[in-house]
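Raw contents of my_file37.txt, compact mmCIF, C-alpha atoms and all ligand atoms:
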# COMPACT_ATOMS: atom_id res chain seq x y z
CA MET A 1 -48.23 3.42 -16.99
CA GLU A 2 -45.92 6.21 -17.87
CA LYS A 3 -44.09 9.15 -16.48
CA VAL A 4 -46.59 11.86 -15.72
CA THR A 5 -44.31 14.53 -17.03
CA THR A 6 -42.50 14.67 -20.26
CA SER A 7 -42.24 17.70 -22.48
CA ALA A 8 -45.46 16.44 -24.10
CA GLN A 9 -47.33 16.18 -20.84
CA PRO A 10 -47.05 18.94 -18.22
CA ALA A 11 -46.67 18.09 -14.54
CA PRO A 12 -49.78 18.16 -12.37
CA GLU A 13 -49.87 21.46 -10.52
CA ASN A 14 -48.34 21.78 -7.06
CA THR A 15 -46.16 18.69 -7.40
CA ARG A 16 -42.44 18.27 -8.03
CA ILE A 17 -42.95 15.30 -10.28
CA GLY A 18 -41.01 16.89 -13.09
CA GLU A 19 -37.89 16.90 -10.91
CA LEU A 20 -38.52 13.49 -9.38
CA TRP A 21 -37.36 11.48 -12.36
CA ASP A 22 -33.76 12.52 -11.96
CA VAL A 23 -33.54 11.24 -8.39
CA LEU A 24 -35.72 8.15 -8.73
CA PRO A 25 -34.54 4.95 -10.48
CA GLU A 26 -34.36 5.17 -14.27
CA GLU A 27 -37.25 2.72 -14.69
CA SER A 28 -39.77 4.68 -12.64
CA SER A 29 -43.29 5.51 -13.70
CA VAL A 30 -46.69 6.39 -12.26
CA THR A 31 -49.80 4.27 -12.70
CA ASP A 32 -53.07 5.75 -13.94
CA ASP A 33 -54.26 5.95 -10.34
CA GLY A 34 -51.24 7.90 -9.17
CA VAL A 35 -49.05 5.15 -7.68
CA LEU A 36 -45.29 5.17 -8.13
CA ALA A 37 -43.98 2.06 -9.88
CA ILE A 38 -40.38 0.89 -10.13
CA GLY A 39 -39.40 -1.50 -12.88
CA GLY A 40 -43.07 -1.69 -13.82
CA VAL A 41 -44.22 -2.87 -10.37
CA PRO A 42 -46.38 -0.50 -8.29
CA ILE A 43 -44.90 0.27 -4.89
CA THR A 44 -48.24 -0.64 -3.27
CA GLU A 45 -47.89 -4.19 -4.60
CA LEU A 46 -44.29 -4.50 -3.45
CA ALA A 47 -45.20 -3.24 0.03
CA ALA A 48 -48.12 -5.68 0.26
CA GLN A 49 -46.02 -8.63 -0.91
CA TYR A 50 -42.77 -8.03 0.98
CA GLY A 51 -43.67 -5.65 3.81
CA THR A 52 -41.86 -2.46 4.77
CA PRO A 53 -39.32 -1.00 5.32
CA LEU A 54 -38.20 -2.37 2.00
CA HIS A 55 -35.25 -1.66 -0.29
CA VAL A 56 -36.28 -1.82 -3.94
CA PHE A 57 -33.72 -1.87 -6.77
CA ASP A 58 -34.37 -1.19 -10.45
CA GLU A 59 -32.26 -3.98 -11.96
CA THR A 60 -32.56 -2.67 -15.52
CA GLY A 61 -31.28 0.78 -14.60
CA LEU A 62 -28.58 -0.75 -12.42
CA ARG A 63 -27.25 -2.91 -15.26
CA ARG A 64 -27.45 0.03 -17.67
CA GLN A 65 -25.36 2.15 -15.31
CA ILE A 66 -22.76 -0.61 -15.01
CA ARG A 67 -22.48 -0.73 -18.82
CA ARG A 68 -21.96 3.04 -18.92
CA PHE A 69 -18.88 2.60 -16.76
CA ILE A 70 -17.47 -0.52 -18.42
CA ASP A 71 -18.09 0.51 -22.03
CA GLY A 72 -17.25 4.15 -21.37
CA LEU A 73 -13.87 3.38 -19.85
CA ALA A 74 -13.01 0.69 -22.42
CA GLU A 75 -13.74 3.14 -25.27
CA ARG A 76 -11.49 5.78 -23.78
CA TRP A 77 -8.69 3.62 -22.33
CA PRO A 78 -8.82 0.03 -23.60
CA ASN A 79 -6.36 -1.43 -21.09
CA SER A 80 -8.74 -0.83 -18.20
CA GLU A 81 -10.92 -2.50 -15.64
CA VAL A 82 -13.92 -1.31 -13.63
CA LEU A 83 -14.14 -2.65 -10.07
CA PHE A 84 -17.43 -2.46 -8.19
CA ALA A 85 -16.72 -1.00 -4.74
CA SER A 86 -18.90 -3.55 -3.02
CA LYS A 87 -19.02 -1.74 0.33
CA SER A 88 -21.70 0.42 -1.27
CA LEU A 89 -24.10 -2.54 -1.58
CA PRO A 90 -22.61 -5.73 -0.12
CA ILE A 91 -25.35 -8.21 -0.93
CA VAL A 92 -25.05 -11.52 -2.74
CA GLY A 93 -27.63 -10.48 -5.36
CA MET A 94 -25.55 -7.43 -6.26
CA TYR A 95 -22.22 -9.29 -6.36
CA ARG A 96 -23.90 -11.65 -8.85
CA VAL A 97 -25.18 -8.81 -11.07
CA ALA A 98 -21.70 -7.26 -10.97
CA ALA A 99 -20.06 -10.51 -12.04
CA GLU A 100 -22.64 -11.12 -14.78
CA GLU A 101 -22.01 -7.67 -16.23
CA GLY A 102 -18.24 -8.18 -16.22
CA LEU A 103 -17.23 -5.97 -13.32
CA SER A 104 -14.31 -6.89 -11.12
CA VAL A 105 -14.99 -6.38 -7.42
CA ASP A 106 -13.37 -4.43 -4.60
CA ILE A 107 -13.79 -6.06 -1.20
CA ALA A 108 -12.60 -4.64 2.10
CA GLY A 109 -12.75 -7.45 4.61
CA GLY A 110 -13.41 -11.11 5.23
CA GLY A 111 -17.19 -10.61 5.28
CA GLU A 112 -17.32 -9.01 1.85
CA LEU A 113 -15.03 -11.78 0.61
CA GLN A 114 -17.50 -14.41 1.84
CA LEU A 115 -20.45 -12.63 0.22
CA ALA A 116 -18.61 -12.32 -3.10
CA LEU A 117 -17.57 -15.98 -3.09
CA ALA A 118 -21.13 -17.03 -2.18
CA ALA A 119 -22.33 -15.11 -5.26
CA GLY A 120 -19.92 -17.08 -7.43
CA VAL A 121 -17.58 -14.17 -8.24
CA ASP A 122 -14.33 -15.47 -9.75
CA PRO A 123 -11.74 -14.93 -6.96
CA ALA A 124 -9.26 -13.76 -9.59
CA LYS A 125 -11.52 -10.71 -10.11
CA LEU A 126 -11.43 -9.68 -6.44
CA HIS A 127 -9.24 -6.86 -5.12
CA PHE A 128 -8.76 -6.79 -1.37
CA HIS A 129 -8.60 -3.33 0.26
CA GLY A 130 -8.37 -2.13 3.83
CA ASN A 131 -6.05 -0.34 6.22
CA ALA A 132 -6.16 -3.04 8.90
CA LYS A 133 -6.31 -6.54 7.47
CA SER A 134 -5.88 -9.41 9.89
CA ASP A 135 -3.83 -12.58 9.37
CA ALA A 136 -7.06 -14.58 9.25
CA GLU A 137 -8.54 -12.38 6.52
CA LEU A 138 -5.36 -12.41 4.47
CA GLU A 139 -5.19 -16.19 4.76
CA LEU A 140 -8.79 -16.50 3.61
CA ALA A 141 -8.07 -14.27 0.63
CA LEU A 142 -4.86 -16.07 -0.30
CA THR A 143 -6.51 -19.48 0.00
CA ALA A 144 -9.38 -18.30 -2.21
CA GLY A 145 -6.86 -17.23 -4.88
CA ILE A 146 -7.72 -13.57 -4.82
CA GLY A 147 -6.70 -11.43 -7.81
CA ALA A 148 -4.86 -8.63 -6.02
CA ILE A 149 -4.24 -7.30 -2.55
CA ILE A 150 -4.03 -3.55 -2.12
CA VAL A 151 -1.37 -3.19 0.56
CA ASP A 152 -1.92 -0.31 2.96
CA ASN A 153 1.13 -0.31 5.21
CA GLU A 154 4.37 -2.04 6.13
CA ASP A 155 2.81 -4.11 8.92
CA GLU A 156 0.71 -5.70 6.22
CA LEU A 157 3.88 -6.48 4.30
CA ASP A 158 5.23 -8.19 7.45
CA ARG A 159 2.08 -10.31 7.55
CA LEU A 160 2.33 -11.16 3.86
CA GLU A 161 5.98 -12.14 4.24
CA ARG A 162 4.85 -14.69 6.80
CA LEU A 163 1.77 -15.89 4.93
CA LEU A 164 2.68 -16.02 1.25
CA THR A 165 3.37 -19.48 -0.15
CA ARG A 166 2.97 -18.62 -3.83
CA PRO A 167 3.24 -15.50 -6.02
CA GLN A 168 0.62 -12.83 -5.29
CA ALA A 169 -0.24 -9.68 -7.22
CA LEU A 170 -0.05 -6.57 -5.03
CA LEU A 171 -0.82 -2.88 -5.39
CA LEU A 172 0.18 -0.23 -2.88
CA ARG A 173 -2.18 2.44 -1.59
CA VAL A 174 -0.59 5.86 -1.58
CA ILE A 175 -1.76 9.14 -0.10
CA PRO A 176 -2.11 11.57 -2.99
CA GLY A 177 -2.56 14.67 -0.82
CA VAL A 178 -5.84 15.71 -2.43
CA ASP A 179 -8.45 17.16 -0.07
CA ALA A 180 -11.73 16.05 -1.58
CA GLU A 181 -14.61 18.52 -1.50
CA THR A 182 -17.02 16.33 0.43
CA HIS A 183 -18.09 15.55 3.99
CA ALA A 184 -15.04 15.16 6.24
CA SER A 185 -15.78 11.52 7.02
CA GLN A 186 -15.90 10.75 3.30
CA ALA A 187 -12.60 12.43 2.39
CA THR A 188 -9.78 9.89 2.28
CA GLY A 189 -7.00 11.38 0.16
CA GLY A 190 -5.71 14.29 2.26
CA ASP A 191 -2.26 14.33 3.86
CA ARG A 192 -3.65 13.21 7.22
CA SER A 193 -5.57 10.23 5.82
CA LYS A 194 -5.47 6.95 7.73
CA PHE A 195 -5.42 5.09 4.42
CA GLY A 196 -2.20 4.31 2.58
CA LEU A 197 1.33 5.67 2.78
CA PRO A 198 2.78 9.06 1.92
CA MET A 199 4.96 9.08 -1.19
CA ASP A 200 8.36 8.82 0.56
CA GLN A 201 7.27 5.83 2.66
CA ALA A 202 5.54 4.33 -0.37
CA LEU A 203 8.83 4.17 -2.24
CA ARG A 204 10.39 2.16 0.58
CA ALA A 205 7.44 -0.26 0.65
CA ILE A 206 7.66 -0.64 -3.14
CA GLU A 207 11.35 -1.56 -2.87
CA ARG A 208 10.46 -4.17 -0.27
CA MET A 209 7.82 -5.72 -2.51
CA ARG A 210 10.10 -5.70 -5.53
CA ALA A 211 12.78 -7.49 -3.56
CA HIS A 212 10.50 -10.29 -2.38
CA PRO A 213 10.32 -13.40 -4.60
CA LEU A 214 6.60 -14.02 -4.03
CA MET A 215 5.38 -10.41 -4.12
CA GLU A 216 4.35 -9.36 -7.60
CA PHE A 217 4.18 -5.61 -7.26
CA GLU A 218 1.98 -4.25 -10.05
CA GLY A 219 1.40 -0.61 -9.24
CA VAL A 220 -0.27 1.98 -7.07
CA HIS A 221 -3.74 2.75 -5.81
CA LEU A 222 -5.47 5.83 -4.43
CA HIS A 223 -8.96 6.80 -3.42
CA ILE A 224 -9.63 10.43 -2.57
CA GLY A 225 -13.10 10.02 -1.09
CA SER A 226 -16.79 9.65 -1.80
CA GLN A 227 -19.66 11.79 -3.12
CA ILE A 228 -17.29 14.04 -5.06
CA LEU A 229 -19.02 16.25 -7.59
CA ASN A 230 -16.04 18.19 -8.95
CA THR A 231 -14.38 16.04 -11.63
CA ARG A 232 -11.24 18.19 -11.57
CA GLN A 233 -10.38 16.57 -8.25
CA PHE A 234 -10.16 13.15 -9.88
CA ALA A 235 -7.85 14.56 -12.55
CA GLU A 236 -5.72 16.14 -9.84
CA ALA A 237 -5.43 12.77 -8.11
CA VAL A 238 -4.26 11.10 -11.32
CA ALA A 239 -1.60 13.76 -11.74
CA LYS A 240 -0.44 13.26 -8.14
CA ILE A 241 -0.26 9.47 -8.35
CA SER A 242 1.90 9.68 -11.46
CA THR A 243 4.65 11.19 -9.32
CA ALA A 244 5.04 7.84 -7.51
CA GLY A 245 6.77 6.45 -10.61
CA ASP A 246 6.19 4.35 -13.73
CA PHE A 247 4.23 1.19 -13.09
CA ALA A 248 2.11 -1.35 -14.99
CA THR A 249 -1.11 -0.53 -13.11
CA TYR A 250 -2.76 2.58 -11.67
CA ASP A 251 -5.96 2.18 -9.66
CA VAL A 252 -7.46 5.63 -9.18
CA GLY A 253 -10.28 4.59 -6.84
CA GLY A 254 -13.95 5.51 -6.80
CA GLY A 255 -15.84 8.46 -5.41
CA LEU A 256 -17.99 9.90 -8.18
CA GLY A 257 -20.90 11.72 -6.53
CA VAL A 258 -24.55 11.38 -7.43
CA LYS A 259 -27.53 13.70 -7.51
CA TYR A 260 -29.53 13.25 -4.31
CA THR A 261 -31.71 16.33 -4.33
CA TYR A 262 -33.78 18.31 -6.76
CA ASP A 263 -31.27 21.16 -6.67
CA GLU A 264 -28.03 19.18 -6.83
CA GLN A 265 -26.14 18.64 -10.08
CA ALA A 266 -23.86 15.62 -10.52
CA PRO A 267 -21.49 14.84 -13.39
CA GLU A 268 -22.53 12.20 -15.93
CA VAL A 269 -20.43 9.03 -16.01
CA GLY A 270 -19.01 10.17 -19.36
CA GLU A 271 -17.84 13.52 -17.95
CA TYR A 272 -16.13 11.75 -15.07
CA LEU A 273 -14.40 9.30 -17.39
CA ASP A 274 -13.34 12.13 -19.71
CA ALA A 275 -11.67 13.90 -16.79
CA ILE A 276 -9.82 10.82 -15.56
CA VAL A 277 -8.71 9.64 -18.97
CA ALA A 278 -7.56 13.09 -20.08
CA ALA A 279 -5.37 13.23 -16.96
CA ALA A 280 -4.17 9.67 -17.57
CA ARG A 281 -3.15 10.58 -21.15
CA GLU A 282 -1.22 13.54 -19.84
CA HIS A 283 0.45 11.94 -16.83
CA LEU A 284 0.48 8.13 -16.92
CA PRO A 285 2.67 5.86 -19.04
CA GLU A 286 1.03 4.96 -22.35
CA GLY A 287 -0.38 1.45 -22.22
CA ALA A 288 -0.54 1.27 -18.41
CA ARG A 289 -3.54 -0.57 -16.98
CA LEU A 290 -6.10 1.87 -15.56
CA LEU A 291 -8.52 0.77 -12.84
CA ILE A 292 -11.45 2.65 -11.33
CA GLU A 293 -13.63 1.63 -8.37
CA PRO A 294 -17.10 3.21 -8.45
CA GLY A 295 -19.58 2.16 -5.78
CA ARG A 296 -22.11 4.85 -4.93
CA SER A 297 -22.46 6.05 -8.53
CA ILE A 298 -23.37 2.52 -9.67
CA VAL A 299 -26.02 1.69 -7.08
CA ALA A 300 -27.33 4.87 -5.43
CA ARG A 301 -29.95 5.93 -7.94
CA ALA A 302 -31.15 2.39 -8.67
CA GLY A 303 -32.37 1.95 -5.09
CA VAL A 304 -35.22 3.40 -3.06
CA THR A 305 -36.53 2.69 0.43
CA VAL A 306 -40.23 2.16 1.04
CA TYR A 307 -41.71 3.00 4.44
CA ASP A 308 -45.17 2.95 5.99
CA VAL A 309 -46.39 6.11 7.67
CA LEU A 310 -47.08 5.22 11.32
CA SER A 311 -47.97 8.62 12.70
CA VAL A 312 -48.69 12.19 11.59
CA LYS A 313 -48.36 14.77 14.33
CA HIS A 314 -48.82 18.56 14.26
CA THR A 315 -46.90 20.15 17.11
CA GLY A 316 -45.78 23.37 15.51
CA ASP A 317 -43.89 21.28 12.97
CA THR A 318 -45.67 18.51 11.12
CA PHE A 319 -43.92 15.24 11.92
CA VAL A 320 -44.51 12.36 9.55
CA ALA A 321 -43.05 9.31 11.29
CA VAL A 322 -42.27 6.14 9.38
CA ASN A 323 -41.46 2.57 10.36
CA GLY A 324 -37.72 2.92 9.72
CA GLY A 325 -35.07 5.55 10.29
CA MET A 326 -31.40 5.77 11.13
CA ALA A 327 -31.27 2.00 11.63
CA ASP A 328 -31.71 1.57 7.87
CA THR A 329 -30.57 4.99 6.60
CA LEU A 330 -27.68 6.09 8.78
CA ASP A 331 -26.21 8.41 6.16
CA VAL A 332 -28.29 11.39 7.27
CA ALA A 333 -26.90 11.28 10.80
CA LEU A 334 -23.40 10.27 9.71
CA THR A 335 -22.74 12.58 6.78
CA ASP A 336 -25.68 15.04 6.74
CA GLN A 337 -26.80 13.48 3.48
CA ARG A 338 -29.94 15.13 2.13
CA PHE A 339 -32.55 12.96 0.37
CA GLU A 340 -35.87 13.55 -1.40
CA ALA A 341 -39.06 11.58 -0.79
CA VAL A 342 -42.44 11.06 -2.38
CA LEU A 343 -45.77 9.82 -1.10
CA ALA A 344 -45.77 6.78 -3.35
CA ASN A 345 -49.46 5.90 -3.24
CA ARG A 346 -50.61 9.49 -3.99
CA VAL A 347 -47.93 10.90 -6.27
CA THR A 348 -50.16 13.08 -8.41
CA GLU A 349 -52.09 14.78 -5.60
CA PRO A 350 -51.01 18.35 -4.83
CA TRP A 351 -47.92 18.47 -2.61
CA THR A 352 -49.28 21.00 -0.17
CA GLU A 353 -47.19 20.28 2.94
CA THR A 354 -43.60 20.64 4.03
CA VAL A 355 -42.96 18.14 6.81
CA GLN A 356 -40.26 16.73 9.06
CA LEU A 357 -39.94 13.16 7.82
CA VAL A 358 -38.69 11.32 10.87
CA GLY A 359 -37.70 7.79 11.78
CA ARG A 360 -38.54 5.75 14.85
CA GLN A 361 -35.15 5.46 16.50
CA CYS A 362 -34.66 7.18 19.85
CA GLU A 363 -32.65 10.20 18.71
CA SER A 364 -33.72 13.64 17.55
CA GLY A 365 -30.98 13.20 14.95
CA ASP A 366 -33.12 10.47 13.45
CA LEU A 367 -34.53 12.94 10.97
CA LEU A 368 -34.78 11.40 7.52
CA ILE A 369 -35.65 14.64 5.70
CA ASP A 370 -35.73 18.13 7.14
CA GLY A 371 -38.51 19.75 5.10
CA ALA A 372 -39.94 17.09 2.80
CA GLU A 373 -42.63 18.24 0.39
CA MET A 374 -45.64 15.98 -0.08
CA PRO A 375 -49.46 15.83 0.02
CA ALA A 376 -50.92 15.86 3.54
CA ALA A 377 -49.77 12.44 4.75
CA ARG A 378 -52.05 9.95 6.50
CA VAL A 379 -51.32 6.89 8.57
CA GLY A 380 -50.89 3.96 6.20
CA ASP A 381 -49.50 6.02 3.30
CA LEU A 382 -46.31 4.76 1.69
CA VAL A 383 -43.26 7.00 1.62
CA VAL A 384 -40.51 6.28 -0.88
CA MET A 385 -37.13 7.80 -0.16
CA ALA A 386 -35.16 8.21 -3.37
CA THR A 387 -31.51 7.50 -4.12
CA THR A 388 -30.95 5.26 -1.12
CA GLY A 389 -29.24 2.46 -3.06
CA ALA A 390 -25.72 3.14 -1.80
CA TYR A 391 -24.46 2.61 1.75
CA SER A 392 -27.95 2.30 3.30
CA TYR A 393 -28.01 -1.46 3.70
CA THR A 394 -24.26 -1.32 4.35
CA LEU A 395 -24.74 0.90 7.38
CA SER A 396 -27.94 -0.71 8.64
CA ASN A 397 -27.99 -1.69 12.28
CA ASN A 398 -30.22 -2.97 15.06
CA TYR A 399 -30.74 0.32 16.91
CA ASN A 400 -33.79 -0.11 19.17
CA GLY A 401 -33.92 -3.72 18.04
CA ALA A 402 -34.70 -2.68 14.46
CA LEU A 403 -34.68 -5.51 11.93
CA ARG A 404 -32.73 -5.12 8.69
CA PRO A 405 -35.16 -4.56 5.78
CA ALA A 406 -35.69 -7.02 2.95
CA ILE A 407 -34.28 -6.22 -0.49
CA VAL A 408 -36.04 -6.85 -3.78
CA PHE A 409 -34.85 -6.42 -7.35
CA VAL A 410 -37.50 -5.42 -9.90
CA LYS A 411 -37.30 -5.75 -13.66
CA ASP A 412 -39.84 -5.77 -16.50
CA GLY A 413 -42.84 -5.93 -14.20
CA GLU A 414 -41.43 -8.76 -12.03
CA SER A 415 -39.90 -8.66 -8.57
CA ARG A 416 -37.54 -11.07 -6.83
CA LEU A 417 -36.39 -11.21 -3.24
CA VAL A 418 -32.59 -11.03 -2.93
CA ALA A 419 -32.28 -10.56 0.84
CA ARG A 420 -34.98 -11.53 3.29
CA ARG A 421 -36.06 -9.33 6.15
CA GLU A 422 -34.23 -9.94 9.42
CA THR A 423 -36.44 -11.64 12.03
CA TYR A 424 -36.65 -11.54 15.81
CA GLU A 425 -35.22 -15.08 15.69
CA ASP A 426 -32.16 -13.75 13.84
CA LEU A 427 -31.80 -11.08 16.47
CA LEU A 428 -32.03 -13.54 19.35
CA ARG A 429 -29.72 -16.13 17.77
CA LEU A 430 -26.58 -14.18 18.65
CA HIS A 431 -27.67 -14.14 22.28
CA GLU A 432 -28.22 -17.87 22.65
CA PRO A 433 -25.31 -18.12 25.14
CA ALA A 434 -27.25 -15.86 27.53
CA ILE A 435 -30.74 -17.24 26.95
CA GLY A 436 -32.46 -20.03 28.83
C1 LIG A 501 -10.81 2.08 -1.61
C2 LIG A 501 -12.16 2.52 -2.04
N1 LIG A 501 -12.49 2.41 -3.33
C3 LIG A 501 -13.71 2.77 -3.77
C4 LIG A 501 -14.66 3.28 -2.91
C5 LIG A 501 -16.00 3.65 -3.46
O1 LIG A 501 -16.33 4.95 -3.33
P1 LIG A 501 -17.71 5.45 -3.93
O2 LIG A 501 -18.78 4.56 -3.41
O3 LIG A 501 -17.84 6.83 -3.48
O4 LIG A 501 -17.59 5.34 -5.43
C6 LIG A 501 -14.36 3.42 -1.56
C7 LIG A 501 -15.36 3.99 -0.63
O5 LIG A 501 -15.16 4.78 0.20
C8 LIG A 501 -13.07 3.04 -1.11
O6 LIG A 501 -12.74 3.13 0.18
For this file, write the structure as structure tokens.
Ligand SMILES: Cc1ncc(COP(=O)(O)O)c(C=O)c1O
Amino acid sequence: MEKVTTSAQPAPENTRIGELWDVLPEESSVTDDGVLAIGGVPITELAAQYGTPLHVFDETGLRRQIRRFIDGLAERWPNSEVLFASKSLPIVGMYRVAAEEGLSVDIAGGGELQLALAAGVDPAKLHFHGNAKSDAELELALTAGIGAIIVDNEDELDRLERLLTRPQALLLRVIPGVDAETHASQATGGDRSKFGLPMDQALRAIERMRAHPLMEFEGVHLHIGSQILNTRQFAEAVAKISTAGDFATYDVGGGLGVKYTYDEQAPEVGEYLDAIVAAAREHLPEGARLLIEPGRSIVARAGVTVYDVLSVKHTGDTFVAVNGGMADTLDVALTDQRFEAVLANRVTEPWTETVQLVGRQCESGDLLIDGAEMPAARVGDLVVMATTGAYSYTLSNNYNGALRPAIVFVKDGESRLVARRETYEDLLRLHEPAIG
């Protein structure tokens, strides 16, 4: 098995295979009979063994990407830490990989805390975010011995004043006033953001923390948004946060964008780190601790979603309908995210059609890809949607009674189940009070 296109081997005609490799997981290949394989396992085998819809993650590529962040930042700014923004893939199997590779972890709620603890993540490596933390969640975090809490507002300080019984490291989220060039719902650093405090109010909150005997104020945090492709915006955010004052720690958030489509260009991890560290050298105190929180850029490319084709209909448009949709890939409807797909069991056949790849949920907005190129699809074919590793499982839901897909990790020709498929029994369990 190998990639069907390298400079030595031209792409089969009428396919886009040459461009596929940059949106599919790093460890992707095609078998001699034209089947896409991830991590050395043909998609046809994975579909037969685990069923579809199925999330498949290339564990080798995932771990490699994590190392790019950790090693890349450590080389450029030794007093640093990379936090995995776990909202991008909040599954026990991923928390474990993150911990094994030496990432710290950003959690944003009691549920993510439970998943991280279940994976065996050292609580001291957890950073607790969120603009509306409850007493119960803060108590859980404090009892677990969490590393740091990123305080969002003064009401949270009131809660902490009541709840703290021993010293606790705290950061404060500030609004940097940077309007990220991304979808509006993914921009979080503009002046009207619901996250954090503007600079003047931040200074008051910092004084409060400094005056409290159990609050160990360490520094400031910001996060300007997600799927950001212009690295200058990260540098701008670093410059802005430096105006809050001199502190021991600066957490400059996540947000690096990834390449989703054939035409899109995304910065390499190294370019992103260069931009942040250059700004840190210019604006932050020498020797300060520098934290970053990538999520999407760690997991997006490593993951794909496998679907079965259930229907092919020609009604003016050609509709290829699969056994999933906005219940497992909400990003299209939520943020207009554009994806690419491939007919995984017939990759090398000529891609002669441009189709509407649609899901099965009851909305016209449940359009997975507007204009997907592929061979003429047939019922029973397998569609792989690329670059679905980030925020897909996170945003999955039970629309139309859909069941959450299973998740497998593949590596060196082996697969392992890390989350089982939801069942009708799971679905009914919540409704026991009304049944019978
Ligand atoms: C506080 C915080 N940090 C990090 C992230 C991760 O962002 P991304 O997945 O775009 O890297 C998010 C996501 O929105 C966030 O809210």
May I have a table of the residues of chain A lying at most 6 Å from ligand LIG 501 (chain A), giving each one's closest pair of atoms and their distance in Å to one decimal, counting only C-alpha atoms and all ligand atoms, ordered by chain and ascending residue number, as a tab-separated table?
residue	atom	partner	partner_atom	distance
A:Ala85	CA	A:LIG501	C5	4.9
A:Ser88	CA	A:LIG501	O2	5.5
A:His223	CA	A:LIG501	C1	5.4
A:Gly225	CA	A:LIG501	O5	5.8
A:Ser226	CA	A:LIG501	O3	3.4
A:Gln227	CA	A:LIG501	O3	5.3
A:Gly253	CA	A:LIG501	N1	4.7
A:Gly254	CA	A:LIG501	O4	3.9
A:Gly255	CA	A:LIG501	O3	3.2
A:Leu256	CA	A:LIG501	O4	5.3
A:Glu293	CA	A:LIG501	C3	4.7
A:Pro294	CA	A:LIG501	O4	3.7
A:Gly295	CA	A:LIG501	O2	3.5
A:Arg296	CA	A:LIG501	O2	3.7
A:Ser297	CA	A:LIG501	O4	5.8
Please produce an output containing C-alpha atoms for each residue in the selection, written as a PDB file, keeping the file's coordinate frame.
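Okay, result-v2.pdb is ready:
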ATOM      1  CA  ALA A  85     -16.720  -1.000  -4.740  1.00  0.00           C
ATOM      2  CA  SER A  88     -21.700   0.420  -1.270  1.00  0.00           C
ATOM      3  CA  HIS A 223      -8.960   6.800  -3.420  1.00  0.00           C
ATOM      4  CA  GLY A 225     -13.100  10.020  -1.090  1.00  0.00           C
ATOM      5  CA  SER A 226     -16.790   9.650  -1.800  1.00  0.00           C
ATOM      6  CA  GLN A 227     -19.660  11.790  -3.120  1.00  0.00           C
ATOM      7  CA  GLY A 253     -10.280   4.590  -6.840  1.00  0.00           C
ATOM      8  CA  GLY A 254     -13.950   5.510  -6.800  1.00  0.00           C
ATOM      9  CA  GLY A 255     -15.840   8.460  -5.410  1.00  0.00           C
ATOM     10  CA  LEU A 256     -17.990   9.900  -8.180  1.00  0.00           C
ATOM     11  CA  GLU A 293     -13.630   1.630  -8.370  1.00  0.00           C
ATOM     12  CA  PRO A 294     -17.100   3.210  -8.450  1.00  0.00           C
ATOM     13  CA  GLY A 295     -19.580   2.160  -5.780  1.00  0.00           C
ATOM     14  CA  ARG A 296     -22.110   4.850  -4.930  1.00  0.00           C
ATOM     15  CA  SER A 297     -22.460   6.050  -8.530  1.00  0.00           C
TER      16      SER A 297
END
Exercise for review: Show which residues sit within 9 Å of Val269 (chain A), as number ranges by chain. Count all atoms listed in the file, and ignore same-chain residues fewer than 3 positions away.
Suggested key: A: 65, 68-69, 72, 256, 272-274, 297
List as a short mmCIF file (atom, residue, chain, number, x, y, z; two decimals) with C-alpha atoms, in the coordinates of the input the protein and nucleic acid residues near His127 (chain A), meaning an atom at most 7 Å away when all atoms listed in the file are counted, but skip any in the same chain fewer than 4 places from it.
data_model
loop_
_atom_site.label_atom_id
_atom_site.label_comp_id
_atom_site.auth_asym_id
_atom_site.auth_seq_id
_atom_site.Cartn_x
_atom_site.Cartn_y
_atom_site.Cartn_z
CA VAL A 105 -14.99 -6.38 -7.42
CA ASP A 106 -13.37 -4.43 -4.60
CA ILE A 107 -13.79 -6.06 -1.20
CA ILE A 146 -7.72 -13.57 -4.82
CA GLY A 147 -6.70 -11.43 -7.81
CA ALA A 148 -4.86 -8.63 -6.02
CA ILE A 149 -4.24 -7.30 -2.55
CA ILE A 150 -4.03 -3.55 -2.12
#
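Between Gly359 (chain A) and the residues A:Phe234, A:Phe319, A:Phe339, A:Tyr393, the shortest atom-to-atom distance, using only C-alpha atoms, involves A:Phe319.
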Point to revise | Residues near Val309 (chain A), cut-off 6 Å, only C-alpha atoms, skip fewer than 5 positions along chain, as an NGL selection string | key: :A and (321-322 or 379-381)
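We find CA of Thr315 (chain A) and CA of Ala327 (chain A) to be spaced 24.6 Å apart.
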Practice item. Name the residues in contact with region 194-210 of chain A at a cut-off of 8 Å, using all atoms listed in the file, excluding same-chain residues fewer than 2 positions from it; report them as a list in words. Key: Gly130, Asn131, Val151, Asp152, Asn153, Glu154, Leu157, Leu172, Arg173, Val174, Ile175, Pro176, Thr188, Gly189, Asp191, Arg192, His212, Pro213, Met215, Glu216, Phe217, Leu222 and Ala244 of chain A
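Straight-line separation from CA of Val41 (chain A) to CA of Glu340 (chain A): 20.5 Å.
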**Study point:** Contacts of Ser86 (chain A) at 12 Å (all atoms listed in the file; same-chain gap of 6+ positions) as a PyMOL selection string
**Key:** chain A and resi 92-99+103-109+111-116+121+126-129+254+293-299+389-391+393-394
Point to revise | Pairwise distance for CA of Val23 (chain A) and CA of Ala74 (chain A), rounded to one decimal in Å | key: 27.0 Å
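Among the candidate residues A:Gln265, A:Gln361, A:Thr318, A:Ser80, the one lying nearest to Ala280 (chain A) is A:Ser80, with distances computed using only C-alpha atoms.
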With a cut-off of 8 Å, could you pull out the residues of region 282-340 of chain A touching region 368-373 of chain A and give me the nearest pair of atoms for each, distance in Å to one decimal, using all atoms listed in the file, ordered by chain and ascending number, as a tab-separated table?
residue	atom	partner	partner_atom	distance
A:Gly325	CA	A:Leu368	CA	6.5
A:Met326	CA	A:Leu368	CA	7.5
A:Thr329	CA	A:Leu368	CA	7.7
A:Val332	CA	A:Leu368	CA	6.5
A:Arg338	CA	A:Ile369	CA	6.8
A:Phe339	CA	A:Ile369	CA	6.4
A:Glu340	CA	A:Ala372	CA	6.8
